[in-house]
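What follows is the content of entry.txt, which has compact mmCIF, C-alpha atoms:
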```txt
# COMPACT_ATOMS: atom_id res chain seq x y z
CA MET V 237 73.31 148.32 12.96
CA ARG V 238 71.24 145.20 13.04
CA PHE V 239 72.53 141.90 14.41
CA SER V 240 72.63 138.46 12.86
CA LEU V 241 71.39 135.19 14.30
CA GLY V 242 74.80 133.68 13.59
CA THR V 243 78.34 134.55 14.51
CA ALA V 244 79.31 136.01 11.13
CA SER V 245 79.11 139.76 10.76
CA PRO V 246 76.88 141.27 8.06
CA GLU V 247 80.05 142.22 6.15
CA GLU V 248 81.29 138.62 6.20
CA ARG V 249 77.89 137.29 5.22
CA GLY V 250 77.67 139.83 2.42
CA ARG V 251 81.01 138.71 1.00
CA PHE V 252 79.95 135.07 1.27
CA LEU V 253 76.74 135.75 -0.63
CA ALA V 254 78.42 137.84 -3.33
CA GLU V 255 81.22 135.32 -3.94
CA ARG V 256 78.84 132.40 -4.38
CA ALA V 257 75.99 134.17 -6.15
CA ASP V 258 76.89 133.02 -9.67
CA ALA V 259 77.25 129.39 -8.58
CA VAL V 260 73.86 129.44 -6.83
CA ARG V 261 72.20 131.02 -9.84
CA GLY V 262 73.76 128.45 -12.16
CA ALA V 263 72.62 125.55 -9.97
CA CYS V 264 69.07 126.89 -9.77
CA GLU V 265 68.86 127.50 -13.51
CA ALA V 266 70.16 124.00 -14.22
CA GLU V 267 67.51 122.52 -11.92
CA ARG V 268 64.86 124.69 -13.57
CA ASP V 269 65.86 123.47 -17.02
CA ARG V 270 65.89 119.85 -15.85
CA LEU V 271 62.41 120.14 -14.39
CA CYS V 272 61.04 121.87 -17.45
CA GLU V 273 62.28 118.97 -19.58
CA THR V 274 60.57 116.37 -17.41
CA LEU V 275 57.29 118.10 -16.45
CA ASP V 276 54.25 118.48 -18.63
CA GLU V 277 53.35 121.91 -19.97
CA ALA V 278 50.82 122.65 -17.24
CA ARG V 279 53.31 121.98 -14.43
CA ARG V 280 56.39 123.64 -15.92
CA PRO V 281 55.71 127.15 -14.57
CA LEU V 282 55.38 125.82 -11.02
CA GLY V 283 58.48 123.67 -11.38
CA ALA V 284 60.50 126.59 -12.70
CA ASN V 285 59.26 128.80 -9.87
CA VAL V 286 60.22 126.29 -7.18
CA ALA V 287 63.64 125.69 -8.74
CA MET V 288 64.51 129.40 -8.74
CA ARG V 289 63.39 130.18 -5.20
CA PRO V 290 66.77 129.47 -3.54
CA TRP V 291 68.34 132.01 -5.91
CA TRP V 292 65.67 134.56 -5.09
CA ARG V 293 66.20 134.06 -1.36
CA TRP V 294 69.95 134.38 -1.91
CA LEU V 295 69.52 137.70 -3.71
CA ALA V 296 67.09 138.95 -1.07
CA ASP V 297 69.61 138.27 1.68
CA GLN V 298 72.41 139.81 -0.37
CA ALA V 299 70.35 142.99 -0.81
CA GLU V 300 69.56 143.17 2.89
CA CYS V 301 73.18 142.59 3.93
CA ALA V 302 74.31 145.33 1.57
CA LEU V 303 71.73 147.71 3.05
CA ILE V 304 72.86 146.95 6.60
CA CYS V 305 76.49 147.56 5.63
CA GLY V 306 75.71 150.87 3.93
CA ARG V 307 76.38 149.58 0.40
CA ASN V 308 73.16 151.06 -0.89
CA HIS V 309 73.93 150.89 -4.61
CA GLU V 310 74.73 147.19 -4.20
CA ALA V 311 71.45 146.71 -2.33
CA VAL V 312 69.55 148.37 -5.17
CA ASP V 313 71.35 146.23 -7.76
CA ALA V 314 70.62 142.95 -5.94
CA ALA V 315 66.98 143.87 -5.36
CA GLU V 316 66.48 144.88 -8.99
CA ARG V 317 68.08 141.63 -10.20
CA LEU V 318 65.68 139.73 -8.00
CA LEU V 319 62.68 141.65 -9.32
CA ALA V 320 63.82 141.03 -12.89
CA SER V 321 63.87 137.29 -12.18
CA ASP V 322 60.76 137.13 -9.96
CA GLN V 323 58.27 139.62 -11.31
CA HIS V 324 55.76 138.82 -8.56
CA ASP V 325 58.32 139.55 -5.82
CA LEU V 326 57.70 136.52 -3.61
CA SER V 327 60.69 137.60 -1.47
CA ASP V 328 59.35 141.15 -0.91
CA ALA V 329 62.56 142.61 -2.28
CA ARG V 330 60.70 145.86 -2.93
CA PHE V 331 60.81 146.52 0.83
CA THR V 332 64.62 146.43 0.96
CA LEU V 333 64.74 148.40 -2.29
CA ALA V 334 62.57 151.16 -0.79
CA TYR V 335 64.96 151.64 2.14
CA ALA V 336 68.03 151.59 -0.11
CA LEU V 337 66.51 154.26 -2.36
CA ALA V 338 65.69 156.36 0.70
CA LYS V 339 69.29 156.05 1.89
CA LEU V 340 70.42 157.22 -1.55
CA GLU V 341 67.87 160.06 -1.35
CA ASP V 342 66.54 159.00 -4.76
CA GLU V 343 62.94 160.14 -4.49
CA PRO V 344 62.15 159.80 -8.23
CA ALA V 345 63.27 156.14 -8.15
CA LEU V 346 61.17 155.55 -5.03
CA GLU V 347 58.11 156.93 -6.82
CA ARG V 348 58.85 154.71 -9.81
CA LEU V 349 58.97 151.74 -7.44
CA SER V 350 55.59 152.80 -6.05
CA ALA V 351 54.17 152.88 -9.58
CA ARG V 352 55.33 149.27 -10.09
CA TYR V 353 53.34 147.96 -7.12
CA PRO V 354 50.25 146.85 -9.12
CA ALA V 355 52.45 144.43 -11.08
CA LEU V 356 54.74 143.42 -8.21
CA ALA V 357 52.50 143.11 -5.20
CA ALA V 358 48.84 142.88 -6.21
CA PRO V 359 46.50 143.01 -4.40
CA ARG V 360 48.63 145.06 -1.95
CA ALA V 361 48.82 148.80 -2.51
CA ASP V 362 51.82 151.05 -2.02
CA ASP V 363 50.89 151.65 1.61
CA ASP V 364 53.10 149.11 3.39
CA ALA V 365 55.32 150.29 6.22
CA TRP V 366 58.54 150.06 4.21
CA ILE V 367 57.63 152.38 1.37
CA LEU V 368 55.79 154.77 3.69
CA LEU V 369 58.73 154.97 6.11
CA ALA V 370 61.04 155.56 3.14
CA ARG V 371 58.83 158.41 1.94
CA ILE V 372 58.58 159.87 5.44
CA ALA V 373 62.37 159.76 5.82
CA LEU V 374 62.89 161.61 2.53
CA ALA V 375 60.29 164.25 3.37
CA HIS V 376 61.84 164.74 6.82
CA LYS V 377 65.35 165.04 5.41
CA ALA V 378 64.13 167.68 2.95
CA TYR V 379 62.41 169.56 5.84
CA ARG V 380 59.00 169.01 4.23
CA LEU V 381 57.67 168.35 7.69
CA ALA V 382 53.99 168.90 6.90
CA ASP V 383 54.25 166.28 4.14
CA ALA V 384 56.12 163.96 6.48
CA ARG V 385 53.45 164.32 9.15
CA ARG V 386 50.67 163.54 6.65
CA LEU V 387 52.56 160.41 5.62
CA VAL V 388 52.86 159.40 9.29
CA GLU V 389 49.09 159.76 9.57
CA ARG V 390 48.72 157.49 6.53
CA LEU V 391 51.09 154.95 8.10
CA LEU V 392 49.06 154.92 11.32
CA ALA V 393 45.87 154.45 9.27
CA SER V 394 47.44 151.48 7.46
CA TYR V 395 48.46 149.89 10.78
CA PRO V 396 45.68 150.77 13.22
CA GLY V 397 46.45 150.31 16.89
CA CYS V 398 50.20 150.00 16.25
CA ALA V 399 51.43 153.47 17.18
CA ALA V 400 53.46 152.13 20.11
CA VAL V 401 55.69 150.21 17.69
CA LEU V 402 56.71 153.49 16.03
CA ILE V 403 57.41 155.09 19.40
CA ARG V 404 59.47 152.22 20.84
CA GLN V 405 61.38 151.41 17.60
CA MET V 406 62.65 148.04 18.80
CA GLU V 407 65.26 146.11 16.84
CA ILE V 408 64.86 142.35 16.35
CA ALA V 409 67.13 139.65 14.96
CA ASP V 410 67.03 139.39 11.19
CA GLY V 411 65.90 136.23 9.41
CA ARG V 412 68.44 134.12 7.54
CA PHE V 413 67.79 133.85 3.79
CA ALA V 414 64.24 135.12 4.25
CA ARG V 415 62.28 137.94 5.78
CA ILE V 416 60.14 136.84 8.72
CA ARG V 417 56.70 135.98 7.31
CA VAL V 418 53.89 137.77 9.17
CA PRO V 419 50.33 138.89 8.32
CA ALA V 420 50.06 142.06 6.26
CA TYR V 421 49.17 145.32 8.00
CA GLY V 422 49.49 143.89 11.48
CA GLU V 423 51.63 144.82 14.46
CA ASP V 424 54.19 142.11 13.70
CA GLU V 425 54.72 143.39 10.17
CA LEU V 426 55.26 146.92 11.45
CA ILE V 427 57.75 145.63 14.04
CA VAL V 428 59.75 143.95 11.25
CA ALA V 429 59.63 147.07 9.06
CA VAL V 430 60.74 149.35 11.90
CA SER V 431 63.54 146.98 12.90
CA GLU V 432 64.84 146.87 9.33
CA GLY V 433 64.35 150.63 9.16
CA VAL V 434 66.97 151.41 11.79
CA VAL V 435 69.26 152.24 8.87
CA LEU V 436 67.02 155.29 8.42
CA LEU V 437 65.79 155.87 11.97
CA GLN V 438 69.21 155.96 13.64
CA GLU V 439 70.87 158.41 11.26
CA GLY V 440 72.41 161.44 12.96
CA MET V 441 73.18 162.30 16.57
CA GLU V 442 70.22 162.77 18.92
CA ARG V 443 70.15 162.71 22.70
CA THR V 444 67.32 160.16 23.00
CA GLY V 445 69.46 157.56 21.22
CA LYS V 446 66.91 157.07 18.45
CA GLY V 447 68.66 159.17 15.81
CA VAL V 448 67.36 162.46 14.44
CA PHE V 449 64.69 160.98 12.19
CA GLY V 450 63.75 158.26 14.67
CA ALA V 451 63.28 160.80 17.47
CA TRP V 452 61.16 163.05 15.25
CA LEU V 453 59.02 160.08 14.21
CA ALA V 454 58.53 158.94 17.82
CA ARG V 455 57.52 162.42 18.92
CA THR V 456 55.19 162.95 15.96
CA VAL V 457 53.43 159.64 16.59
CA SER V 458 53.17 160.54 20.28
CA GLU V 459 51.45 163.79 19.31
CA LEU V 460 49.06 162.00 16.97
CA ASP V 461 48.27 159.21 19.46
CA PRO V 462 48.80 160.50 23.03
CA GLU V 463 47.20 157.39 24.50
CA ALA V 464 49.81 155.16 22.86
CA ALA V 465 52.55 157.50 24.10
CA ARG V 466 51.26 157.25 27.66
CA ALA V 467 51.12 153.46 27.41
CA VAL V 468 54.73 153.33 26.23
CA ALA V 469 55.81 155.72 28.97
CA ALA V 470 54.08 153.56 31.57
CA THR V 471 56.02 150.47 30.49
CA THR V 472 59.41 152.08 29.81
CA GLY V 473 59.52 154.95 32.28
CA GLU V 474 60.38 157.35 29.47
CA LYS V 475 58.72 160.73 29.27
CA ASP V 476 56.33 160.98 26.29
CA GLY V 477 57.31 157.56 25.07
CA GLY V 478 60.96 158.57 24.74
CA ALA V 479 60.09 161.01 21.99
CA GLU V 480 61.13 164.27 23.61
CA GLY V 481 63.86 166.33 22.07
CA ALA V 482 63.21 165.51 18.43
CA ILE V 483 63.59 168.25 15.86
CA GLY V 484 61.11 169.65 13.40
CA ARG V 485 58.02 170.60 15.36
```
The structure in this file should be written as structure tokens.
Amino acid sequence: MRFSLGTASPEERGRFLAERADAVRGACEAERDRLCETLDEARRPLGANVAMRPWWRWLADQAECALICGRNHEAVDAAERLLASDQHDLSDARFTLAYALAKLEDEPALERLSARYPALAAPRADDDAWILLARIALAHKAYRLADARRLVERLLASYPGCAAVLIRQMEIADGRFARIRVPAYGEDELIVAVSEGVVLLQEGMERTGKGVFGAWLARTVSELDPEAARAVAATTGEKDGGAEGAIGR
């Protein structure tokens, strides 16, 4: 669904990452051990952290490639391996993990991930766009539309002034070996989350081209923020921000 900055397809990149994963891990662990032998006790944790970062980035990209290709169990496995190695989640693997769990319709596992946020992402709460969109997708799929709408309201509250992003649902090029780094809770972060979320938004056939869930989300946001919907319509020429026709009123 998403497109790469390079010529290789996500499938080819995924195979490349999987085939070389053990070698990269071994090289990073060897460098970590070398640094820990040469650094004093106070500097060893930092040295070990820096040495392992290429491996963490490798796993993060492997998880994202697997998600794009629909290999959701593989995405979960790669993300969990990363979190086991980097307990502070410098690569934000929890975001990819949230989408993979939503694709697998594993709501209990998604709630367990939410409960891990204080350890993984402090001081951030479990109100980022990725975990909220994952929860909204699961509620929508289960036809718990009132719950889904309340979660949309929470998402809009977490990202004030960004409703148009949820209506437009633009897709951007993915980063290579790293998620694009942007300020938390801003428009740019929501754009990245929505772009990565096309694996959820574009599921199913829907005449607007957004997918069943994506069309419902666009219409719901348009109802909650009519001014944003009018602004989108003015720039795109689409009625109601392109949100008409979605199911689940």
Stretch 323-345 of chain V near stretch 267-288 of chain V within 12 Å: what's each residue's closest atom pair and its distance in Å to one decimal, counting all atoms listed in the file, ordered by chain then ascending residue number, as CSV?
```
residue,atom,partner,partner_atom,distance
V:Gln323,CA,V:Asn285,CA,11.0
V:His324,CA,V:Asn285,CA,10.7
V:Asp325,CA,V:Asn285,CA,11.5
V:Leu326,CA,V:Asn285,CA,10.1
V:Ser327,CA,V:Met288,CA,11.6
```
One-decimal distance in Å that lies between atom CA of V:Cys264 and atom CA of V:Ala334: 26.7 Å
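Taking atom CA of V:Tyr379 and atom CA of V:Gly445 as endpoints, the distance between them is 20.7 Å.
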Neighbouring residues of stretch 343-355 of chain V were defined as those with any atom within 10 Å, considering all atoms listed in the file; residues of the same chain fewer than 2 positions away were excluded. Please report them as a PDB file with C-alpha atoms, keeping the file's coordinate frame.
```pdb
ATOM      1  CA  GLN V 323      58.270 139.620 -11.310  1.00  0.00           C
ATOM      2  CA  HIS V 324      55.760 138.820  -8.560  1.00  0.00           C
ATOM      3  CA  ASP V 325      58.320 139.550  -5.820  1.00  0.00           C
ATOM      4  CA  ARG V 330      60.700 145.860  -2.930  1.00  0.00           C
ATOM      5  CA  PHE V 331      60.810 146.520   0.830  1.00  0.00           C
ATOM      6  CA  LEU V 333      64.740 148.400  -2.290  1.00  0.00           C
ATOM      7  CA  ALA V 334      62.570 151.160  -0.790  1.00  0.00           C
ATOM      8  CA  TYR V 335      64.960 151.640   2.140  1.00  0.00           C
ATOM      9  CA  ALA V 336      68.030 151.590  -0.110  1.00  0.00           C
ATOM     10  CA  LEU V 337      66.510 154.260  -2.360  1.00  0.00           C
ATOM     11  CA  ALA V 338      65.690 156.360   0.700  1.00  0.00           C
ATOM     12  CA  LYS V 339      69.290 156.050   1.890  1.00  0.00           C
ATOM     13  CA  LEU V 340      70.420 157.220  -1.550  1.00  0.00           C
ATOM     14  CA  GLU V 341      67.870 160.060  -1.350  1.00  0.00           C
ATOM     15  CA  ALA V 357      52.500 143.110  -5.200  1.00  0.00           C
ATOM     16  CA  ALA V 358      48.840 142.880  -6.210  1.00  0.00           C
ATOM     17  CA  PRO V 359      46.500 143.010  -4.400  1.00  0.00           C
ATOM     18  CA  ARG V 360      48.630 145.060  -1.950  1.00  0.00           C
ATOM     19  CA  ALA V 361      48.820 148.800  -2.510  1.00  0.00           C
ATOM     20  CA  ASP V 362      51.820 151.050  -2.020  1.00  0.00           C
ATOM     21  CA  ASP V 363      50.890 151.650   1.610  1.00  0.00           C
ATOM     22  CA  ILE V 367      57.630 152.380   1.370  1.00  0.00           C
ATOM     23  CA  LEU V 368      55.790 154.770   3.690  1.00  0.00           C
ATOM     24  CA  ALA V 370      61.040 155.560   3.140  1.00  0.00           C
ATOM     25  CA  ARG V 371      58.830 158.410   1.940  1.00  0.00           C
ATOM     26  CA  LEU V 374      62.890 161.610   2.530  1.00  0.00           C
ATOM     27  CA  ALA V 375      60.290 164.250   3.370  1.00  0.00           C
TER      28      ALA V 375
END
```
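Computed from the coordinates, the atom CA of V:Tyr421 to atom CA of V:Val401 distance equals 12.7 Å.
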Which residues come within 9 Å of V:Arg261, counting only C-alpha atoms, excluding same-chain residues fewer than 5 positions away, as a PyMOL selection string? chain V and resi 256+266+288+290-292+294
From the set V:Asp383, V:Pro396, V:Ala320, V:Pro246, which residue has the shortest atom-to-atom contact distance to V:Ala464, counting only C-alpha atoms? V:Pro396
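Proximity to V:Val388 was assessed for V:Asp364, V:Glu432, V:Glu463, V:Glu265 counting all atoms listed in the file; the smallest distance is recorded for V:Asp364.
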From (52.7, 153.0, 8.0), in the file's coordinates, out to 6 Å: which residues are reached, counting only C-alpha atoms? Answer as a PyMOL selection string. chain V and resi 365+368+391-392+394-395
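In this comparison, which uses only C-alpha atoms, the residue of V:Val457, V:Ile416, V:Leu369, V:Leu295 approaching V:Glu316 most closely is V:Leu295.
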Dig up all the protein and nucleic acid residues within 12 Å of (71.9, 149.0, 1.2) in the file frame, using only C-alpha atoms, and format them as a PyMOL selection string. chain V and resi 237+246-247+250+296-315+329+331-340+432-436
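Of the residues listed (V:Phe252, V:Phe449, V:Glu459, V:Ala420), V:Phe449 shows the shortest atom-to-atom separation from V:His376; distances use only C-alpha atoms.
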For V:Leu402, the nearest of the candidates V:Val428, V:Ala469, V:Ala254, V:Ala454, counting all atoms listed in the file: V:Ala454
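Counting all atoms listed in the file and comparing V:Leu453, V:Gly262, V:Met441, V:Ser245, the residue that lies closest to V:Ala399 is V:Leu453.
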